[in-house]
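Participant: Below you will find the structure I want to go over with you.
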Amino acid sequence: MNAITFLGLESSCDDTAAAVVRLRGDRAEILASVVAGQTALHAVFGGVVPELAARAHVEKLDLCVEEALDRAGTALADLDGIAVTAGPGLIGGVMAGVMCAKGLAAGAGLPLVGVNHLAGHALTPRLTDGLAFPYLMLLVSGGHCQFLIARGVEDFTRLGGTIDDAPGEAFDKTAKLLGLPQPGGPSVEAEAAKGDPARFAFPRPLMDRADCDLSFSGLKTALLRARDGVMAGQGGLTVQDRADLCAGFQAAVADVLAGKARRALARYMALSPAEPALAVAGGVAANRTIRGRLEQVCAECGVRFLAPPLALCTDNAAMIAWAGIERFRLGARDGMDLAARPRWPLDRTTAPMLGSGRKGAKA
Ligand code: KG4
Ligand code: ZN
């Protein structure tokens, strides 16, 4: 088969990204992946401001595209198509990406393929490792938390997900409550390494339920209470108190994710997959304690554990270009009526989760 080369665009949250990915035979290669983050822009507001994010995407998208094409040594004319995140996400940003992609596709006479952002994350292990369907996927980031069985490029079964906050959000709020820098995940992890995870007894929400749903908002409240309890008793927090709070919180998140992963694996293994695998995506997958626990659960269940490189776990456009190639190979083409969708659950048979997180839709 000839090579298929796609440009991908991503702008559904607070990262403006463009990438060029090529599939030759059964070998996929990322020719260039450019990500322009907006962390500094939103820092003073303590969360992503959708209107500011959208404006920044409009300003940066064409620059990112230019840079990606440049780094890849590719011209628009060398492409076979353009893929773009068409949702779910913050609508202004998604619209900015979709408009940019439509303009490029129309101008260069190229096919346009709309991609579900979550499908981009979920198909990444096929880009990095050529993983065969069906595999189990855990998306854990600041905006997402769900277990999915990936059965095909457009065939996902959602086993469960968070009913409130995403774990990354809980890490970020924990950091805020303890005066640690954002993003909270890495700073809480660093503190936790110096702490005693057993000193504070944090809850393991929803572990008494046999399903694969998760909840993290109670954990955040428990942390606040524990912090206030210590402060009331001694008038402030010592460095050790803070480390112990972080360790206790992280241990609770790791326990819950590992416990629910075990349940999700049991349901997945009932399909008798030929090459059983659990893959993770999302910023929280960078956490060594969480990763270690998931690895351990996989080892116990005889399942391969896959964690793509961090740059491909967090938001990027290579995953969008790749998902575009996968859809394109199946004959998918979108027209100029491609809509930007704030909500777009991957599994159409399961009711979407309610609520919208700090970092966008949780569908
Ligand atoms: O996937 P991502 O870059 O963006 C989206 O949320 O879409 O994930 C960012 C989230 C943040 O909430 C951040 O605190 C969390 O991932 N995170 C971590 C770690 N590194 C990043 N959480 C726990 N431990 C980490 N080492
Ligand atoms: Zn994402």
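Following the order of the structure tokens, chains are lettered A, B, ..., residues in each are numbered from 1, and ligands are numbered from 1.
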Set out as JSON lines a contact list for chain A and ligand 2 with a cut-off of 7 Å, giving each residue of chain A that qualifies its closest atom pair and distance in Å to one decimal, counting only C-alpha atoms and all ligand atoms, ordered by chain and rising residue number.
Facilitator:
```
{"residue": "A:His117", "atom": "CA", "partner": "ligand 2", "partner_atom_place_in_ligand_line": "1 (Zn)", "distance": 6.5}
{"residue": "A:Leu118", "atom": "CA", "partner": "ligand 2", "partner_atom_place_in_ligand_line": "1 (Zn)", "distance": 6.5}
{"residue": "A:His121", "atom": "CA", "partner": "ligand 2", "partner_atom_place_in_ligand_line": "1 (Zn)", "distance": 6.6}
{"residue": "A:Ser141", "atom": "CA", "partner": "ligand 2", "partner_atom_place_in_ligand_line": "1 (Zn)", "distance": 6.9}
{"residue": "A:Gly143", "atom": "CA", "partner": "ligand 2", "partner_atom_place_in_ligand_line": "1 (Zn)", "distance": 6.8}
{"residue": "A:His144", "atom": "CA", "partner": "ligand 2", "partner_atom_place_in_ligand_line": "1 (Zn)", "distance": 7.0}
{"residue": "A:Gly282", "atom": "CA", "partner": "ligand 2", "partner_atom_place_in_ligand_line": "1 (Zn)", "distance": 6.5}
{"residue": "A:Thr314", "atom": "CA", "partner": "ligand 2", "partner_atom_place_in_ligand_line": "1 (Zn)", "distance": 6.2}
{"residue": "A:Asp315", "atom": "CA", "partner": "ligand 2", "partner_atom_place_in_ligand_line": "1 (Zn)", "distance": 4.7}
```
Participant: Create the file for the chosen residues now, containing N, CA and C atoms and written as a compact mmCIF listing (two decimals), in the first residue's frame.
Facilitator:
```txt
# COMPACT_ATOMS: atom_id res chain seq x y z
N HIS A 117 -11.77 13.72 19.86
CA HIS A 117 -10.55 13.89 20.66
C HIS A 117 -10.25 12.64 21.51
N LEU A 118 -11.29 12.07 22.09
CA LEU A 118 -11.10 10.89 22.94
C LEU A 118 -10.65 9.68 22.11
N HIS A 121 -6.95 9.92 21.73
CA HIS A 121 -6.23 9.32 22.87
C HIS A 121 -6.32 7.79 22.79
N SER A 141 -6.83 12.04 32.83
CA SER A 141 -6.17 13.34 32.67
C SER A 141 -6.87 14.38 33.54
N GLY A 143 -9.11 16.30 32.37
CA GLY A 143 -10.48 16.44 31.86
C GLY A 143 -11.20 15.13 31.66
N HIS A 144 -10.45 14.03 31.58
CA HIS A 144 -11.10 12.75 31.31
C HIS A 144 -10.74 11.71 32.35
N GLY A 282 -3.24 10.16 28.96
CA GLY A 282 -3.60 11.28 29.83
C GLY A 282 -2.47 11.60 30.77
N THR A 314 -0.39 13.11 26.75
CA THR A 314 -1.08 14.39 26.95
C THR A 314 -1.57 14.89 25.60
N ASP A 315 -2.33 16.00 25.61
CA ASP A 315 -2.95 16.46 24.37
C ASP A 315 -1.90 16.80 23.31
```
Participant: Produce a table with one row for each residue of chain A that has an atom at most 6 Å from any atom of ligand 1, each row naming the nearest atom pair and its distance in Å at one decimal; use only C-alpha atoms and all ligand atoms; arrange rows by chain and rising residue number; format as a Markdown table.
Facilitator:
```
| residue | atom | partner | partner_atom_place_in_ligand_line | distance |
| --- | --- | --- | --- | --- |
| A:Ser141 | CA | ligand 1 | 8 (O) | 4.1 |
| A:Gly142 | CA | ligand 1 | 6 (O) | 3.1 |
| A:Gly143 | CA | ligand 1 | 6 (O) | 4.4 |
| A:Gly168 | CA | ligand 1 | 12 (O) | 3.3 |
| A:Glu169 | CA | ligand 1 | 12 (O) | 4.8 |
| A:Phe171 | CA | ligand 1 | 14 (O) | 5.5 |
| A:Asp172 | CA | ligand 1 | 14 (O) | 5.1 |
| A:Pro183 | CA | ligand 1 | 14 (O) | 4.5 |
| A:Gly184 | CA | ligand 1 | 14 (O) | 4.3 |
| A:Gly185 | CA | ligand 1 | 22 (N) | 3.3 |
| A:Pro186 | CA | ligand 1 | 26 (N) | 4.0 |
| A:Glu189 | CA | ligand 1 | 24 (N) | 5.6 |
| A:Gly282 | CA | ligand 1 | 1 (O) | 3.7 |
| A:Gly283 | CA | ligand 1 | 8 (O) | 3.5 |
| A:Val284 | CA | ligand 1 | 22 (N) | 3.7 |
| A:Ala286 | CA | ligand 1 | 26 (N) | 4.7 |
| A:Asn287 | CA | ligand 1 | 26 (N) | 3.7 |
| A:Thr314 | CA | ligand 1 | 1 (O) | 3.7 |
| A:Asp315 | CA | ligand 1 | 1 (O) | 5.4 |
```
Participant: Limited to N, CA and C atoms, could you put the picked residues into a file as a PDB file, in the first residue's frame?
Facilitator:
```pdb
ATOM      1  N   SER A 141      -6.830  12.043  32.835  1.00  0.00           N
ATOM      2  CA  SER A 141      -6.174  13.336  32.674  1.00  0.00           C
ATOM      3  C   SER A 141      -6.871  14.380  33.541  1.00  0.00           C
ATOM      4  N   GLY A 142      -6.650  15.649  33.192  1.00  0.00           N
ATOM      5  CA  GLY A 142      -7.312  16.718  33.936  1.00  0.00           C
ATOM      6  C   GLY A 142      -8.763  16.862  33.512  1.00  0.00           C
ATOM      7  N   GLY A 143      -9.115  16.305  32.369  1.00  0.00           N
ATOM      8  CA  GLY A 143     -10.480  16.441  31.858  1.00  0.00           C
ATOM      9  C   GLY A 143     -11.198  15.127  31.664  1.00  0.00           C
ATOM     10  N   GLY A 168      -6.903  14.187  37.459  1.00  0.00           N
ATOM     11  CA  GLY A 168      -5.934  15.276  37.309  1.00  0.00           C
ATOM     12  C   GLY A 168      -6.447  16.543  37.982  1.00  0.00           C
ATOM     13  N   GLU A 169      -7.746  16.761  37.859  1.00  0.00           N
ATOM     14  CA  GLU A 169      -8.395  17.906  38.501  1.00  0.00           C
ATOM     15  C   GLU A 169      -8.219  17.802  40.019  1.00  0.00           C
ATOM     16  N   PHE A 171      -5.839  16.193  41.610  1.00  0.00           N
ATOM     17  CA  PHE A 171      -4.423  16.469  41.918  1.00  0.00           C
ATOM     18  C   PHE A 171      -4.182  17.980  41.921  1.00  0.00           C
ATOM     19  N   ASP A 172      -4.758  18.661  40.925  1.00  0.00           N
ATOM     20  CA  ASP A 172      -4.547  20.113  40.827  1.00  0.00           C
ATOM     21  C   ASP A 172      -5.175  20.845  42.016  1.00  0.00           C
ATOM     22  N   PRO A 183       1.072  22.702  37.262  1.00  0.00           N
ATOM     23  CA  PRO A 183       0.022  21.708  37.465  1.00  0.00           C
ATOM     24  C   PRO A 183       0.292  20.848  38.700  1.00  0.00           C
ATOM     25  N   GLY A 184      -0.792  20.495  39.373  1.00  0.00           N
ATOM     26  CA  GLY A 184      -0.662  19.862  40.683  1.00  0.00           C
ATOM     27  C   GLY A 184      -0.087  18.461  40.667  1.00  0.00           C
ATOM     28  N   GLY A 185      -0.337  17.712  39.596  1.00  0.00           N
ATOM     29  CA  GLY A 185       0.102  16.314  39.566  1.00  0.00           C
ATOM     30  C   GLY A 185       1.563  16.121  39.919  1.00  0.00           C
ATOM     31  N   PRO A 186       2.468  16.736  39.156  1.00  0.00           N
ATOM     32  CA  PRO A 186       3.891  16.527  39.437  1.00  0.00           C
ATOM     33  C   PRO A 186       4.309  17.040  40.817  1.00  0.00           C
ATOM     34  N   GLU A 189       3.021  14.634  43.461  1.00  0.00           N
ATOM     35  CA  GLU A 189       3.797  13.392  43.391  1.00  0.00           C
ATOM     36  C   GLU A 189       5.156  13.570  44.079  1.00  0.00           C
ATOM     37  N   GLY A 282      -3.242  10.157  28.961  1.00  0.00           N
ATOM     38  CA  GLY A 282      -3.602  11.279  29.830  1.00  0.00           C
ATOM     39  C   GLY A 282      -2.467  11.604  30.769  1.00  0.00           C
ATOM     40  N   GLY A 283      -2.426  12.858  31.205  1.00  0.00           N
ATOM     41  CA  GLY A 283      -1.322  13.343  32.025  1.00  0.00           C
ATOM     42  C   GLY A 283      -1.117  12.571  33.316  1.00  0.00           C
ATOM     43  N   VAL A 284      -2.200  12.077  33.915  1.00  0.00           N
ATOM     44  CA  VAL A 284      -2.092  11.386  35.205  1.00  0.00           C
ATOM     45  C   VAL A 284      -1.327  10.068  35.064  1.00  0.00           C
ATOM     46  N   ALA A 286       1.360   9.761  33.916  1.00  0.00           N
ATOM     47  CA  ALA A 286       2.777  10.038  34.178  1.00  0.00           C
ATOM     48  C   ALA A 286       3.151   9.706  35.619  1.00  0.00           C
ATOM     49  N   ASN A 287       2.146   9.592  36.483  1.00  0.00           N
ATOM     50  CA  ASN A 287       2.410   9.379  37.911  1.00  0.00           C
ATOM     51  C   ASN A 287       2.988   7.976  38.140  1.00  0.00           C
ATOM     52  N   THR A 314      -0.389  13.107  26.752  1.00  0.00           N
ATOM     53  CA  THR A 314      -1.076  14.387  26.955  1.00  0.00           C
ATOM     54  C   THR A 314      -1.572  14.891  25.598  1.00  0.00           C
ATOM     55  N   ASP A 315      -2.332  15.996  25.615  1.00  0.00           N
ATOM     56  CA  ASP A 315      -2.947  16.462  24.372  1.00  0.00           C
ATOM     57  C   ASP A 315      -1.901  16.800  23.311  1.00  0.00           C
TER      58      ASP A 315
END
```
Participant: Which residues come within 6 Å of A:Cys145, counting only C-alpha atoms, excluding same-chain residues fewer than 4 positions away, as a list in words?
Facilitator: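 Close residues of A:Cys145: Leu139, Val140, Gly161, Thr162 and Ala166 of chain A.
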Participant: For those residues, write N, CA, C and O atoms to a file as a PDB file, in the first residue's frame.
Facilitator:
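To be explicit, this is the file written out as selection31.pdb:
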```pdb
ATOM      1  N   LEU A 139      -8.319   6.266  30.167  1.00  0.00           N
ATOM      2  CA  LEU A 139      -7.978   7.672  29.935  1.00  0.00           C
ATOM      3  C   LEU A 139      -8.010   8.376  31.272  1.00  0.00           C
ATOM      4  O   LEU A 139      -9.058   8.405  31.925  1.00  0.00           O
ATOM      5  N   VAL A 140      -6.882   8.918  31.709  1.00  0.00           N
ATOM      6  CA  VAL A 140      -6.827   9.628  32.994  1.00  0.00           C
ATOM      7  C   VAL A 140      -6.084  10.946  32.827  1.00  0.00           C
ATOM      8  O   VAL A 140      -4.862  10.970  32.714  1.00  0.00           O
ATOM      9  N   GLY A 161     -16.719   5.455  34.181  1.00  0.00           N
ATOM     10  CA  GLY A 161     -15.894   6.656  34.221  1.00  0.00           C
ATOM     11  C   GLY A 161     -16.212   7.452  35.469  1.00  0.00           C
ATOM     12  O   GLY A 161     -17.008   7.012  36.317  1.00  0.00           O
ATOM     13  N   THR A 162     -15.607   8.621  35.567  1.00  0.00           N
ATOM     14  CA  THR A 162     -15.836   9.419  36.759  1.00  0.00           C
ATOM     15  C   THR A 162     -17.258   9.988  36.747  1.00  0.00           C
ATOM     16  O   THR A 162     -17.787  10.324  35.688  1.00  0.00           O
ATOM     17  N   ALA A 166     -12.306  14.695  37.306  1.00  0.00           N
ATOM     18  CA  ALA A 166     -11.275  13.818  36.747  1.00  0.00           C
ATOM     19  C   ALA A 166     -10.118  13.791  37.751  1.00  0.00           C
ATOM     20  O   ALA A 166      -9.946  14.739  38.523  1.00  0.00           O
TER      21      ALA A 166
END
```
Participant: Looking at A:Leu206, A:Ala264, A:Ala75, A:Val94, which one is nearest to A:Leu148, with distances taken over only C-alpha atoms?
Facilitator: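 Closest to A:Leu148, using only C-alpha atoms: A:Ala264.
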Participant: For A:Leu131, which of A:Pro203, A:Gly236, A:Pro308, A:Gly292 is the closest residue, counting only C-alpha atoms?
Facilitator: A:Pro308
Participant: Pick the closest to A:Leu138 from A:Phe6, A:Thr174, A:Leu257, A:Asp80: which is it, counting only C-alpha atoms?
Facilitator: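 Smallest distance to A:Leu138 is found for A:Leu257.
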Participant: Name all residues at most 8 Å from A:Phe249 (count only C-alpha atoms; drop same-chain ones fewer than 2 positions away) and give them as a PyMOL selection string.
Facilitator: chain A and resi 197+202+219+223+245-247+251-253
Participant: I want to know what sits within 8 Å of stretch 327-332 of chain A, based on only C-alpha atoms, with residues of the same chain fewer than 3 positions away left out; could you give that as a list in words?
Facilitator: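 In the requested form, the answer reads Val113, Val153, Glu154, Ala323 and Gly324 of chain A.
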Participant: Just to be explicit: take each residue in the selection above, keep C-alpha atoms, and write the result as a CSV table (one decimal), in the first residue's frame.
Facilitator:
```csv
chain,number,residue,atom,x,y,z
A,113,VAL,CA,-11.6,14.0,8.4
A,153,VAL,CA,-11.5,2.5,14.9
A,154,GLU,CA,-15.1,3.7,15.6
A,323,ALA,CA,-7.0,8.8,14.1
A,324,GLY,CA,-7.7,10.7,10.9
```
Participant: Between A:Arg199, A:Lys176, A:Arg262, A:Arg225, which is the closest to A:Gly248 once you count only C-alpha atoms?
Facilitator: A:Arg199
